[in-house]
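Novice: File follows, coords20.cif with mmCIF, C-alpha atoms:
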data_entry
#
loop_
_atom_site.group_PDB
_atom_site.id
_atom_site.type_symbol
_atom_site.label_atom_id
_atom_site.label_comp_id
_atom_site.auth_asym_id
_atom_site.auth_seq_id
_atom_site.Cartn_x
_atom_site.Cartn_y
_atom_site.Cartn_z
ATOM 1 C CA MET A 1107 -21.172 83.522 50.403
ATOM 2 C CA GLY A 1108 -20.329 80.913 47.821
ATOM 3 C CA GLY A 1109 -23.819 79.617 47.407
ATOM 4 C CA THR A 1110 -25.390 76.570 49.025
ATOM 5 C CA MET A 1111 -23.139 74.964 51.634
ATOM 6 C CA ASN A 1112 -20.369 77.368 50.603
ATOM 7 C CA LYS A 1113 -20.003 75.879 47.158
ATOM 8 C CA PRO A 1114 -20.489 77.962 44.006
ATOM 9 C CA VAL A 1115 -23.578 77.555 41.863
ATOM 10 C CA TYR A 1116 -22.939 76.086 38.419
ATOM 11 C CA LEU A 1117 -24.853 77.648 35.545
ATOM 12 C CA VAL A 1118 -24.637 75.983 32.146
ATOM 13 C CA HIS A 1119 -25.330 78.497 29.401
ATOM 14 C CA SER A 1120 -24.567 79.308 25.787
ATOM 15 C CA ASP A 1121 -25.593 82.358 23.804
ATOM 16 C CA GLU A 1122 -26.786 79.834 21.210
ATOM 17 C CA TYR A 1123 -29.674 78.972 23.522
ATOM 18 C CA LYS A 1124 -31.531 82.118 22.445
ATOM 19 C CA ASN A 1125 -31.858 80.701 18.916
ATOM 20 C CA TRP A 1126 -34.420 78.094 20.038
ATOM 21 C CA ILE A 1127 -37.251 79.501 17.914
ATOM 22 C CA PHE A 1128 -39.732 77.169 16.235
ATOM 23 C CA ASP A 1129 -41.202 80.216 14.512
ATOM 24 C CA PRO A 1130 -41.642 83.872 15.545
ATOM 25 C CA THR A 1131 -45.211 83.365 16.785
ATOM 26 C CA HIS A 1132 -44.557 80.119 18.684
ATOM 27 C CA PRO A 1133 -45.100 80.223 22.486
ATOM 28 C CA THR A 1134 -41.546 78.963 23.041
ATOM 29 C CA GLN A 1135 -38.906 81.635 22.458
ATOM 30 C CA GLY A 1136 -35.250 81.032 23.235
ATOM 31 C CA ARG A 1137 -34.563 84.490 24.575
ATOM 32 C CA ARG A 1138 -36.201 83.385 27.830
ATOM 33 C CA PHE A 1139 -33.029 81.367 28.569
ATOM 34 C CA THR A 1140 -30.711 84.334 28.063
ATOM 35 C CA ASN A 1141 -33.052 86.625 29.987
ATOM 36 C CA ALA A 1142 -33.049 84.186 32.913
ATOM 37 C CA ARG A 1143 -29.272 83.864 32.787
ATOM 38 C CA ASP A 1144 -28.771 87.639 32.831
ATOM 39 C CA LEU A 1145 -31.202 88.127 35.701
ATOM 40 C CA LEU A 1146 -29.656 85.305 37.748
ATOM 41 C CA ILE A 1147 -26.141 86.687 37.282
ATOM 42 C CA SER A 1148 -27.328 90.136 38.404
ATOM 43 C CA MET A 1149 -29.226 88.841 41.440
ATOM 44 C CA ALA A 1150 -26.373 86.548 42.497
ATOM 45 C CA LYS A 1151 -23.869 89.383 42.318
ATOM 46 C CA ALA A 1152 -26.068 91.593 44.479
ATOM 47 C CA GLN A 1153 -26.377 88.828 47.078
ATOM 48 C CA GLU A 1154 -22.726 87.726 46.890
ATOM 49 C CA ILE A 1155 -23.598 84.260 45.597
ATOM 50 C CA GLU A 1156 -20.804 82.857 43.440
ATOM 51 C CA ILE A 1157 -21.834 81.658 39.991
ATOM 52 C CA VAL A 1158 -19.550 79.516 37.844
ATOM 53 C CA GLU A 1159 -20.757 79.728 34.255
ATOM 54 C CA VAL A 1160 -19.811 76.862 31.947
ATOM 55 C CA LEU A 1161 -20.579 76.053 28.329
ATOM 56 C CA PRO A 1162 -22.725 73.054 27.360
ATOM 57 C CA ARG A 1163 -21.519 70.256 25.139
ATOM 58 C CA LEU A 1164 -23.402 68.243 22.567
ATOM 59 C CA ALA A 1165 -24.989 65.010 23.741
ATOM 60 C CA THR A 1166 -23.812 61.994 21.744
ATOM 61 C CA LYS A 1167 -26.021 59.521 19.927
ATOM 62 C CA THR A 1168 -24.790 56.791 22.266
ATOM 63 C CA GLU A 1169 -25.966 58.793 25.250
ATOM 64 C CA LEU A 1170 -29.326 59.581 23.666
ATOM 65 C CA GLU A 1171 -29.864 55.891 22.862
ATOM 66 C CA ARG A 1172 -30.146 55.193 26.569
ATOM 67 C CA VAL A 1173 -33.661 56.681 26.502
ATOM 68 C CA HIS A 1174 -34.562 57.132 22.807
ATOM 69 C CA SER A 1175 -34.840 54.884 19.767
ATOM 70 C CA PRO A 1176 -31.950 54.999 17.261
ATOM 71 C CA ALA A 1177 -34.380 55.654 14.423
ATOM 72 C CA TYR A 1178 -35.824 58.689 16.166
ATOM 73 C CA ILE A 1179 -32.386 60.051 17.064
ATOM 74 C CA ASN A 1180 -31.264 59.716 13.443
ATOM 75 C CA GLN A 1181 -34.433 61.417 12.215
ATOM 76 C CA VAL A 1182 -33.694 64.465 14.355
ATOM 77 C CA LEU A 1183 -29.893 64.638 14.180
ATOM 78 C CA ASP A 1184 -29.252 63.400 10.635
ATOM 79 C CA GLU A 1185 -32.425 64.321 8.765
ATOM 80 C CA HIS A 1186 -33.034 67.431 10.924
ATOM 81 C CA ALA A 1187 -36.721 66.543 10.898
ATOM 82 C CA CYS A 1188 -39.191 66.629 13.771
ATOM 83 C CA ASP A 1189 -42.947 66.945 14.196
ATOM 84 C CA GLU A 1190 -42.389 69.992 16.401
ATOM 85 C CA TRP A 1191 -41.027 72.136 13.536
ATOM 86 C CA ASP A 1192 -41.586 72.571 9.823
ATOM 87 C CA GLY A 1193 -39.146 71.275 7.220
ATOM 88 C CA SER A 1194 -35.450 70.619 7.681
ATOM 89 C CA ARG A 1195 -34.033 72.535 10.661
ATOM 90 C CA PRO A 1196 -30.386 71.632 11.311
ATOM 91 C CA ASP A 1197 -30.208 74.606 13.673
ATOM 92 C CA MET A 1198 -32.940 73.172 15.858
ATOM 93 C CA SER A 1199 -31.606 69.613 15.847
ATOM 94 C CA HIS A 1200 -28.213 70.982 16.917
ATOM 95 C CA LEU A 1201 -29.801 72.906 19.785
ATOM 96 C CA ALA A 1202 -31.864 69.881 20.853
ATOM 97 C CA ALA A 1203 -28.622 67.931 21.331
ATOM 98 C CA LEU A 1204 -26.956 70.924 22.996
ATOM 99 C CA PHE A 1205 -29.791 71.239 25.523
ATOM 100 C CA VAL A 1206 -29.292 67.614 26.565
ATOM 101 C CA GLY A 1207 -25.541 68.105 26.722
ATOM 102 C CA GLY A 1208 -26.130 71.149 28.898
ATOM 103 C CA THR A 1209 -28.052 69.065 31.414
ATOM 104 C CA LEU A 1210 -25.325 66.399 31.357
ATOM 105 C CA THR A 1211 -22.706 69.110 31.920
ATOM 106 C CA ALA A 1212 -24.710 70.281 34.936
ATOM 107 C CA LEU A 1213 -25.011 66.685 36.172
ATOM 108 C CA ASP A 1214 -21.254 66.220 35.859
ATOM 109 C CA ALA A 1215 -20.663 69.204 38.151
ATOM 110 C CA LEU A 1216 -22.973 67.673 40.755
ATOM 111 C CA LEU A 1217 -21.439 64.198 40.484
ATOM 112 C CA ALA A 1218 -17.954 65.678 40.846
ATOM 113 C CA LYS A 1219 -19.166 67.457 44.021
ATOM 114 C CA LYS A 1220 -18.155 70.833 42.631
ATOM 115 C CA THR A 1221 -21.554 72.232 43.562
ATOM 116 C CA ASN A 1222 -24.848 71.463 45.281
ATOM 117 C CA LEU A 1223 -26.845 73.406 42.691
ATOM 118 C CA ALA A 1224 -26.460 73.122 38.932
ATOM 119 C CA ILE A 1225 -28.730 74.882 36.443
ATOM 120 C CA ASN A 1226 -29.511 74.386 32.763
ATOM 121 C CA PHE A 1227 -32.458 76.618 31.937
ATOM 122 C CA PRO A 1228 -33.322 74.844 28.621
ATOM 123 C CA GLY A 1229 -33.340 71.509 30.456
ATOM 124 C CA ALA A 1230 -36.217 69.353 31.716
ATOM 125 C CA LYS A 1231 -37.813 68.617 28.356
ATOM 126 C CA HIS A 1232 -40.248 66.408 30.191
ATOM 127 C CA HIS A 1233 -42.716 65.460 27.434
ATOM 128 C CA ALA A 1234 -40.224 63.842 25.026
ATOM 129 C CA GLN A 1235 -40.954 60.139 24.510
ATOM 130 C CA PHE A 1236 -38.885 57.118 23.501
ATOM 131 C CA ASP A 1237 -39.511 57.455 19.770
ATOM 132 C CA HIS A 1238 -41.107 60.857 19.218
ATOM 133 C CA ALA A 1239 -41.177 64.477 20.280
ATOM 134 C CA SER A 1240 -44.074 65.928 22.221
ATOM 135 C CA GLY A 1241 -45.086 69.235 23.753
ATOM 136 C CA PHE A 1242 -42.166 71.271 22.330
ATOM 137 C CA CYS A 1243 -39.759 68.690 23.835
ATOM 138 C CA ILE A 1244 -37.376 66.820 21.512
ATOM 139 C CA PHE A 1245 -35.026 64.782 23.732
ATOM 140 C CA ASN A 1246 -35.701 63.855 27.347
ATOM 141 C CA ASP A 1247 -32.633 65.165 29.147
ATOM 142 C CA PHE A 1248 -33.894 64.549 32.695
ATOM 143 C CA ALA A 1249 -34.745 60.919 31.953
ATOM 144 C CA LEU A 1250 -31.258 60.485 30.499
ATOM 145 C CA ALA A 1251 -29.542 62.248 33.419
ATOM 146 C CA ALA A 1252 -31.481 60.065 35.858
ATOM 147 C CA ASP A 1253 -30.510 56.950 33.904
ATOM 148 C CA ILE A 1254 -26.823 57.893 34.110
ATOM 149 C CA ALA A 1255 -26.931 58.842 37.795
ATOM 150 C CA THR A 1256 -28.712 55.652 38.846
ATOM 151 C CA LYS A 1257 -27.148 53.033 36.568
ATOM 152 C CA ASP A 1258 -23.596 54.359 36.239
ATOM 153 C CA TYR A 1259 -23.181 55.823 39.731
ATOM 154 C CA GLY A 1260 -25.613 53.786 41.835
ATOM 155 C CA LEU A 1261 -27.476 56.856 43.049
ATOM 156 C CA LYS A 1262 -31.156 57.462 43.766
ATOM 157 C CA VAL A 1263 -32.907 60.386 42.065
ATOM 158 C CA ALA A 1264 -36.114 62.154 43.079
ATOM 159 C CA ILE A 1265 -37.641 64.342 40.364
ATOM 160 C CA LEU A 1266 -39.996 67.129 41.437
ATOM 161 C CA ASP A 1267 -41.941 68.543 38.488
ATOM 162 C CA VAL A 1268 -43.852 71.776 39.107
ATOM 163 C CA ASP A 1269 -44.494 72.561 35.445
ATOM 164 C CA ALA A 1270 -48.189 73.156 34.793
ATOM 165 C CA HIS A 1271 -48.255 70.169 32.428
ATOM 166 C CA HIS A 1272 -47.859 66.548 33.512
ATOM 167 C CA GLY A 1273 -44.315 65.219 33.111
ATOM 168 C CA ASP A 1274 -45.461 62.234 31.084
ATOM 169 C CA GLY A 1275 -42.241 61.580 29.186
ATOM 170 C CA VAL A 1276 -40.047 61.460 32.280
ATOM 171 C CA GLU A 1277 -42.622 59.269 33.992
ATOM 172 C CA ASN A 1278 -42.768 56.833 31.081
ATOM 173 C CA LEU A 1279 -39.010 56.640 30.555
ATOM 174 C CA THR A 1280 -38.165 56.100 34.233
ATOM 175 C CA ALA A 1281 -41.174 54.080 35.406
ATOM 176 C CA ASP A 1282 -39.266 50.780 35.451
ATOM 177 C CA ASN A 1283 -36.286 52.185 37.353
ATOM 178 C CA PRO A 1284 -36.701 51.660 41.121
ATOM 179 C CA SER A 1285 -33.915 54.169 41.775
ATOM 180 C CA VAL A 1286 -35.971 57.028 40.285
ATOM 181 C CA LEU A 1287 -39.000 58.606 41.917
ATOM 182 C CA THR A 1288 -41.061 61.121 39.948
ATOM 183 C CA TYR A 1289 -43.556 63.538 41.485
ATOM 184 C CA SER A 1290 -45.510 65.767 39.124
ATOM 185 C CA VAL A 1291 -47.686 68.704 40.232
ATOM 186 C CA HIS A 1292 -49.779 69.916 37.305
ATOM 187 C CA GLN A 1293 -53.107 71.231 36.099
ATOM 188 C CA SER A 1294 -55.644 68.489 35.488
ATOM 189 C CA GLY A 1295 -57.273 68.141 32.088
ATOM 190 C CA ILE A 1296 -54.828 70.088 29.928
ATOM 191 C CA PHE A 1297 -52.071 68.787 27.648
ATOM 192 C CA PRO A 1298 -51.000 65.969 27.638
ATOM 193 C CA GLY A 1299 -54.161 64.752 29.372
ATOM 194 C CA THR A 1300 -52.373 62.261 31.620
ATOM 195 C CA GLY A 1301 -51.162 62.320 35.214
ATOM 196 C CA ASN A 1302 -54.395 61.641 37.069
ATOM 197 C CA GLU A 1303 -53.107 58.453 38.690
ATOM 198 C CA SER A 1304 -50.083 57.559 40.772
ATOM 199 C CA LYS A 1305 -48.196 54.290 41.052
ATOM 200 C CA GLU A 1306 -46.879 53.877 44.562
ATOM 201 C CA GLY A 1307 -43.151 53.330 44.691
ATOM 202 C CA SER A 1308 -42.518 54.608 41.183
ATOM 203 C CA PHE A 1309 -44.330 57.740 40.113
ATOM 204 C CA TYR A 1310 -46.631 60.099 41.944
ATOM 205 C CA ASN A 1311 -49.025 62.600 40.417
ATOM 206 C CA TYR A 1312 -50.702 65.567 42.034
ATOM 207 C CA PRO A 1313 -53.272 67.024 39.619
ATOM 208 C CA LEU A 1314 -54.669 70.440 40.486
ATOM 209 C CA ARG A 1315 -57.915 72.114 39.489
ATOM 210 C CA ASP A 1316 -58.083 75.025 37.094
ATOM 211 C CA GLY A 1317 -57.381 78.198 39.082
ATOM 212 C CA ALA A 1318 -55.279 76.553 41.780
ATOM 213 C CA GLY A 1319 -52.822 78.972 43.365
ATOM 214 C CA ASP A 1320 -49.903 79.199 45.754
ATOM 215 C CA SER A 1321 -51.568 77.399 48.654
ATOM 216 C CA GLU A 1322 -52.263 74.346 46.497
ATOM 217 C CA LEU A 1323 -48.713 74.401 45.102
ATOM 218 C CA ILE A 1324 -47.248 74.599 48.598
ATOM 219 C CA GLU A 1325 -49.474 71.761 49.803
ATOM 220 C CA ALA A 1326 -48.410 69.633 46.837
ATOM 221 C CA VAL A 1327 -44.698 70.197 47.440
ATOM 222 C CA GLU A 1328 -45.197 69.487 51.145
ATOM 223 C CA GLY A 1329 -46.553 66.160 49.919
ATOM 224 C CA PHE A 1330 -43.340 65.545 47.984
ATOM 225 C CA ILE A 1331 -41.203 66.325 51.034
ATOM 226 C CA ASN A 1332 -43.383 64.175 53.305
ATOM 227 C CA LEU A 1333 -43.244 61.322 50.818
ATOM 228 C CA LEU A 1334 -39.452 61.345 50.807
ATOM 229 C CA GLU A 1335 -39.378 61.526 54.605
ATOM 230 C CA GLU A 1336 -41.806 58.614 54.880
ATOM 231 C CA ARG A 1337 -39.826 56.511 52.411
ATOM 232 C CA ASP A 1338 -36.664 57.345 54.304
ATOM 233 C CA ARG A 1339 -38.238 55.997 57.502
ATOM 234 C CA THR A 1340 -39.736 52.847 56.028
ATOM 235 C CA ASN A 1341 -37.718 51.780 52.988
ATOM 236 C CA ASP A 1342 -34.303 53.338 53.453
ATOM 237 C CA TRP A 1343 -34.949 55.116 50.132
ATOM 238 C CA GLN A 1344 -33.157 58.400 50.400
ATOM 239 C CA PRO A 1345 -32.495 60.504 47.282
ATOM 240 C CA ASP A 1346 -28.885 61.283 46.490
ATOM 241 C CA LEU A 1347 -29.971 63.899 43.945
ATOM 242 C CA ILE A 1348 -33.087 65.993 43.401
ATOM 243 C CA PHE A 1349 -34.001 67.175 39.916
ATOM 244 C CA ILE A 1350 -36.455 70.082 39.741
ATOM 245 C CA THR A 1351 -38.508 70.576 36.603
ATOM 246 C CA CYS A 1352 -39.159 74.260 37.214
ATOM 247 C CA GLY A 1353 -41.826 75.044 34.655
ATOM 248 C CA ALA A 1354 -42.833 78.683 35.041
ATOM 249 C CA ASP A 1355 -46.097 78.183 33.159
ATOM 250 C CA GLY A 1356 -48.129 77.830 36.337
ATOM 251 C CA HIS A 1357 -47.864 81.593 36.880
ATOM 252 C CA GLU A 1358 -51.199 83.363 36.945
ATOM 253 C CA GLU A 1359 -50.238 85.482 33.920
ATOM 254 C CA ASP A 1360 -48.978 82.631 31.733
ATOM 255 C CA PRO A 1361 -51.050 82.314 28.540
ATOM 256 C CA LEU A 1362 -51.073 78.512 28.235
ATOM 257 C CA THR A 1363 -52.537 77.327 31.540
ATOM 258 C CA GLY A 1364 -55.216 78.094 34.072
ATOM 259 C CA LEU A 1365 -53.106 77.896 37.222
ATOM 260 C CA ALA A 1366 -52.636 80.989 39.381
ATOM 261 C CA TYR A 1367 -49.250 80.722 41.083
ATOM 262 C CA SER A 1368 -47.230 83.815 41.946
ATOM 263 C CA THR A 1369 -43.475 84.200 41.746
ATOM 264 C CA ASP A 1370 -43.477 84.220 45.553
ATOM 265 C CA GLY A 1371 -45.246 80.857 45.502
ATOM 266 C CA TYR A 1372 -42.487 79.341 43.397
ATOM 267 C CA VAL A 1373 -39.857 80.814 45.708
ATOM 268 C CA SER A 1374 -41.645 79.438 48.773
ATOM 269 C CA VAL A 1375 -41.588 75.859 47.542
ATOM 270 C CA ALA A 1376 -37.951 76.172 46.506
ATOM 271 C CA GLN A 1377 -37.107 77.385 50.002
ATOM 272 C CA MET A 1378 -39.041 74.463 51.483
ATOM 273 C CA VAL A 1379 -37.086 71.926 49.468
ATOM 274 C CA ARG A 1380 -33.718 73.477 50.282
ATOM 275 C CA GLU A 1381 -34.583 73.814 53.962
ATOM 276 C CA ARG A 1382 -35.497 70.141 54.185
ATOM 277 C CA PHE A 1383 -32.531 68.921 52.094
ATOM 278 C CA PRO A 1384 -29.829 71.502 52.850
ATOM 279 C CA GLY A 1385 -26.794 69.666 51.497
ATOM 280 C CA LEU A 1386 -28.423 67.608 48.774
ATOM 281 C CA PRO A 1387 -27.275 68.188 45.181
ATOM 282 C CA ILE A 1388 -30.054 69.727 43.083
ATOM 283 C CA LEU A 1389 -30.330 69.997 39.293
ATOM 284 C CA ILE A 1390 -32.688 72.611 37.810
ATOM 285 C CA GLY A 1391 -34.204 72.573 34.328
ATOM 286 C CA GLY A 1392 -36.564 75.311 33.189
ATOM 287 C CA ALA A 1393 -39.163 73.251 31.275
ATOM 288 C CA GLY A 1394 -42.160 75.392 30.221
ATOM 289 C CA GLY A 1395 -42.871 79.075 30.632
ATOM 290 C CA TYR A 1396 -44.320 81.319 27.967
ATOM 291 C CA LEU A 1397 -43.664 84.866 29.126
ATOM 292 C CA PRO A 1398 -40.103 85.085 27.818
ATOM 293 C CA ASP A 1399 -39.453 88.700 28.774
ATOM 294 C CA THR A 1400 -41.143 88.855 32.168
ATOM 295 C CA ARG A 1401 -42.433 86.140 34.474
ATOM 296 C CA THR A 1402 -40.610 83.119 33.044
ATOM 297 C CA PRO A 1403 -37.041 84.379 33.572
ATOM 298 C CA GLU A 1404 -38.131 86.049 36.826
ATOM 299 C CA ILE A 1405 -39.364 82.748 38.255
ATOM 300 C CA TRP A 1406 -36.360 80.752 37.100
ATOM 301 C CA ALA A 1407 -33.834 83.223 38.491
ATOM 302 C CA ASN A 1408 -35.639 83.663 41.803
ATOM 303 C CA VAL A 1409 -36.033 79.911 42.310
ATOM 304 C CA ALA A 1410 -32.339 79.422 41.590
ATOM 305 C CA ILE A 1411 -31.425 82.084 44.154
ATOM 306 C CA ALA A 1412 -33.707 80.488 46.747
ATOM 307 C CA LEU A 1413 -32.069 77.090 46.212
ATOM 308 C CA ALA A 1414 -28.585 78.629 46.317
ATOM 309 C CA LYS A 1415 -28.933 79.917 49.865
#
Would you give me this structure, written as structure tokens?
Specialist:
Amino acid sequence: MGGTMNKPVYLVHSDEYKNWIFDPTHPTQGRRFTNARDLLISMAKAQEIEIVEVLPRLATKTELERVHSPAYINQVLDEHACDEWDGSRPDMSHLAALFVGGTLTALDALLAKKTNLAINFPGAKHHAQFDHASGFCIFNDFALAADIATKDYGLKVAILDVDAHHGDGVENLTADNPSVLTYSVHQSGIFPGTGNESKEGSFYNYPLRDGAGDSELIEAVEGFINLLEERDRTNDWQPDLIFITCGADGHEEDPLTGLAYSTDGYVSVAQMVRERFPGLPILIGGAGGYLPDTRTPEIWANVAIALAK
């Protein structure tokens, strides 16, 4: 097997990714990316799924200016300053640009039809806003990738966000683009406190109660699939690409949220999406997940395998 539709899976990865450390006690630890990469490679080999591993590149200022203010970009990349970390951190500003470049490298593989599944585990920094960082997210790579896919290639992009936190940055930065649909499934009432309302035709939100588990997640993703099917029937709006913001922080053991998903629940919804859209190119970004040695890489790798079949 070569992966989905007999094409290899593209995995964008650099050993530098593990250096994404705000401080040693911070919930976000970069080793989760390397752990997920190692587990995915091992699982893919066992199941005879071909993985093509490629290095990320740095995003350029010109690219970042499509979704961020020049002043903010200069603050991060030239002054190495950001509200998310203390002091001057050129190492972190470099990685912030590399994460975006990793997502664009993954997008390039999809646009070139080399694969139907491309993965950048540090991708989907879905809280980043036009002129400031938010929620551990510096630059909004998914908003930028969607901007490129829709405006430069004339494609339509559907973004499914299953991170436990509302994808407010992606929603805000794509809300005026009719070629992008966002659908966020998240816990109500936690950071960033938004996502309780939907705007038909643009962005859709599916807030869940504290303690919601696999059945609620599955029902929410069924809603995403049904929405796309309904829009296909009525508006001729079919996605050419699906982006999945695969936040692993909805797991029942994750320390930052009150959701109660299992790894099997994540795999189930991934299987549902692939079953319904078997040949559609999919881009995965890891977003949140705060069990860097256990559940976070486990969920990311298992979801990737489910989408690769």
Novice: Taking (-39.4, 61.3, 51.0) in the coordinates of the supplied file, I want to know which residues reach to within 12 Å of it, counting all atoms listed in the file; could you give the answer as a ChimeraX atom specification?
Specialist: /A:1262-1266,1287-1289,1307,1310,1327-1346,1348,1379,1382-1383
Novice: Report, in Å with one decimal, the straight-line distance from atom CA of A:Gly1356 to atom CA of A:Tyr1372.
Specialist: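 So the answer is 9.2 Å.
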Novice: To test your reading of the syntax: which residues would the PyMOL selection byres ((chain A and resi 1251) around 10) return for the file shown? Reply as a ChimeraX atom specification.
Specialist: /A:1169,1172-1173,1206-1207,1209-1214,1230,1246-1250,1252-1256,1263,1349,1389
Novice: So that I have them on file, write out the residues from the current selection with C-alpha atoms, as an mmCIF file, keeping the file's coordinate frame.
Specialist:
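Result went into out34.cif, see below:
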data_model
loop_
_atom_site.group_PDB
_atom_site.id
_atom_site.type_symbol
_atom_site.label_atom_id
_atom_site.label_comp_id
_atom_site.auth_asym_id
_atom_site.auth_seq_id
_atom_site.Cartn_x
_atom_site.Cartn_y
_atom_site.Cartn_z
ATOM 1 C CA GLU A 1169 -25.966 58.793 25.250
ATOM 2 C CA ARG A 1172 -30.146 55.193 26.569
ATOM 3 C CA VAL A 1173 -33.661 56.681 26.502
ATOM 4 C CA VAL A 1206 -29.292 67.614 26.565
ATOM 5 C CA GLY A 1207 -25.541 68.105 26.722
ATOM 6 C CA THR A 1209 -28.052 69.065 31.414
ATOM 7 C CA LEU A 1210 -25.325 66.399 31.357
ATOM 8 C CA THR A 1211 -22.706 69.110 31.920
ATOM 9 C CA ALA A 1212 -24.710 70.281 34.936
ATOM 10 C CA LEU A 1213 -25.011 66.685 36.172
ATOM 11 C CA ASP A 1214 -21.254 66.220 35.859
ATOM 12 C CA ALA A 1230 -36.217 69.353 31.716
ATOM 13 C CA ASN A 1246 -35.701 63.855 27.347
ATOM 14 C CA ASP A 1247 -32.633 65.165 29.147
ATOM 15 C CA PHE A 1248 -33.894 64.549 32.695
ATOM 16 C CA ALA A 1249 -34.745 60.919 31.953
ATOM 17 C CA LEU A 1250 -31.258 60.485 30.499
ATOM 18 C CA ALA A 1252 -31.481 60.065 35.858
ATOM 19 C CA ASP A 1253 -30.510 56.950 33.904
ATOM 20 C CA ILE A 1254 -26.823 57.893 34.110
ATOM 21 C CA ALA A 1255 -26.931 58.842 37.795
ATOM 22 C CA THR A 1256 -28.712 55.652 38.846
ATOM 23 C CA VAL A 1263 -32.907 60.386 42.065
ATOM 24 C CA PHE A 1349 -34.001 67.175 39.916
ATOM 25 C CA LEU A 1389 -30.330 69.997 39.293
#
Novice: Could you tell me how far atom CA of A:Pro1403 lies from atom CA of A:Asn1302, in Å and to one decimal?
Specialist: 28.8 Å
Novice: Neighbourhood query: residues within 10 Å of (-31.0, 83.7, 47.0), file coordinates, counting all atoms listed in the file; return as a ChimeraX atom specification.
Specialist: /A:1109-1110,1146,1149-1150,1152-1155,1373,1377,1407-1415
Novice: Taking only C-alpha atoms into account, name the residue in A:Glu1159, A:Asp1237, A:Glu1404, A:Glu1190 that is nearest to A:Arg1138.
Specialist: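 Checking each candidate against A:Arg1138, we get A:Glu1404 as the closest.
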Novice: For A:Cys1243, find every residue with an atom within 9 Å (counting all atoms listed in the file), except residues of its own chain fewer than 2 positions away, and show them as a list in words.
Specialist: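 Result of the neighbour search: Glu1190, Ala1202, Ala1230, Lys1231, His1232, His1233, Ala1234, Gln1235, Ala1239, Ser1240, Gly1241, Phe1245, Asn1246 and Ala1393 of chain A.
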Novice: Go ahead and compute the interatomic distance for atom CA of A:Arg1163 and atom CA of A:Arg1195, in Å to one decimal.
Specialist: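 According to the coordinates, atom CA of A:Arg1163 and atom CA of A:Arg1195 are separated by 19.3 Å.
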Novice: Ranking A:Val1158, A:Glu1306, A:Phe1227, A:Trp1191 by minimum distance to A:Pro1130 and counting all atoms listed in the file, which one comes first?
Specialist: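 Between A:Val1158, A:Glu1306, A:Phe1227, A:Trp1191, the residue approaching A:Pro1130 most closely is A:Trp1191.
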Novice: Might I get the box with edges along x, y and z of the file that holds all atoms of stretch 1327-1330 of chain A listed there, padded by 6 Å on every side, given as centre and edge lengths in Å to one decimal, as AutoDock Vina command-line options?
Specialist:
--center_x -44.9 --center_y 67.9 --center_z 49.3 --size_x 15.2 --size_y 16.7 --size_z 15.7
Novice: Rank nothing, just name the residue among A:Asp1360, A:Asp1370, A:Asp1282, A:Asp1274 nearest to A:Pro1398, using only C-alpha atoms.
Specialist: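 Under the stated criterion, the closest residue is A:Asp1360.
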Novice: Once you've located stretch 1346-1357 of chain A in the structure I gave, write it as a tab-separated table (two decimals), in the first residue's frame, keeping N, CA and C atoms.
Specialist:
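And here's part-v8.tsv as it stands now:
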chain	number	residue	atom	x	y	z
A	1346	ASP	N	-12.25	21.47	-2.36
A	1346	ASP	CA	-11.16	20.86	-3.11
A	1346	ASP	C	-10.08	20.35	-2.16
A	1347	LEU	N	-10.06	20.90	-0.95
A	1347	LEU	CA	-9.10	20.53	0.08
A	1347	LEU	C	-9.80	20.54	1.42
A	1348	ILE	N	-9.42	19.63	2.30
A	1348	ILE	CA	-9.85	19.68	3.70
A	1348	ILE	C	-8.62	19.87	4.56
A	1349	PHE	N	-8.67	20.84	5.45
A	1349	PHE	CA	-7.63	21.02	6.47
A	1349	PHE	C	-8.21	20.50	7.78
A	1350	ILE	N	-7.45	19.71	8.51
A	1350	ILE	CA	-7.90	19.21	9.81
A	1350	ILE	C	-6.98	19.75	10.91
A	1351	THR	N	-7.57	20.54	11.79
A	1351	THR	CA	-6.90	21.04	12.97
A	1351	THR	C	-7.08	19.99	14.06
A	1352	CYS	N	-6.08	19.11	14.18
A	1352	CYS	CA	-6.24	17.89	14.98
A	1352	CYS	C	-5.74	18.07	16.41
A	1353	GLY	N	-6.30	19.03	17.11
A	1353	GLY	CA	-5.90	19.23	18.49
A	1353	GLY	C	-6.19	17.99	19.32
A	1354	ALA	N	-5.17	17.50	20.02
A	1354	ALA	CA	-5.33	16.30	20.85
A	1354	ALA	C	-5.74	16.62	22.27
A	1355	ASP	N	-6.04	17.89	22.53
A	1355	ASP	CA	-6.33	18.32	23.91
A	1355	ASP	C	-7.76	18.03	24.35
A	1356	GLY	N	-8.54	17.39	23.49
A	1356	GLY	CA	-9.86	16.96	23.92
A	1356	GLY	C	-9.84	15.59	24.59
A	1357	HIS	N	-8.65	14.97	24.65
A	1357	HIS	CA	-8.55	13.65	25.29
A	1357	HIS	C	-8.89	13.75	26.77
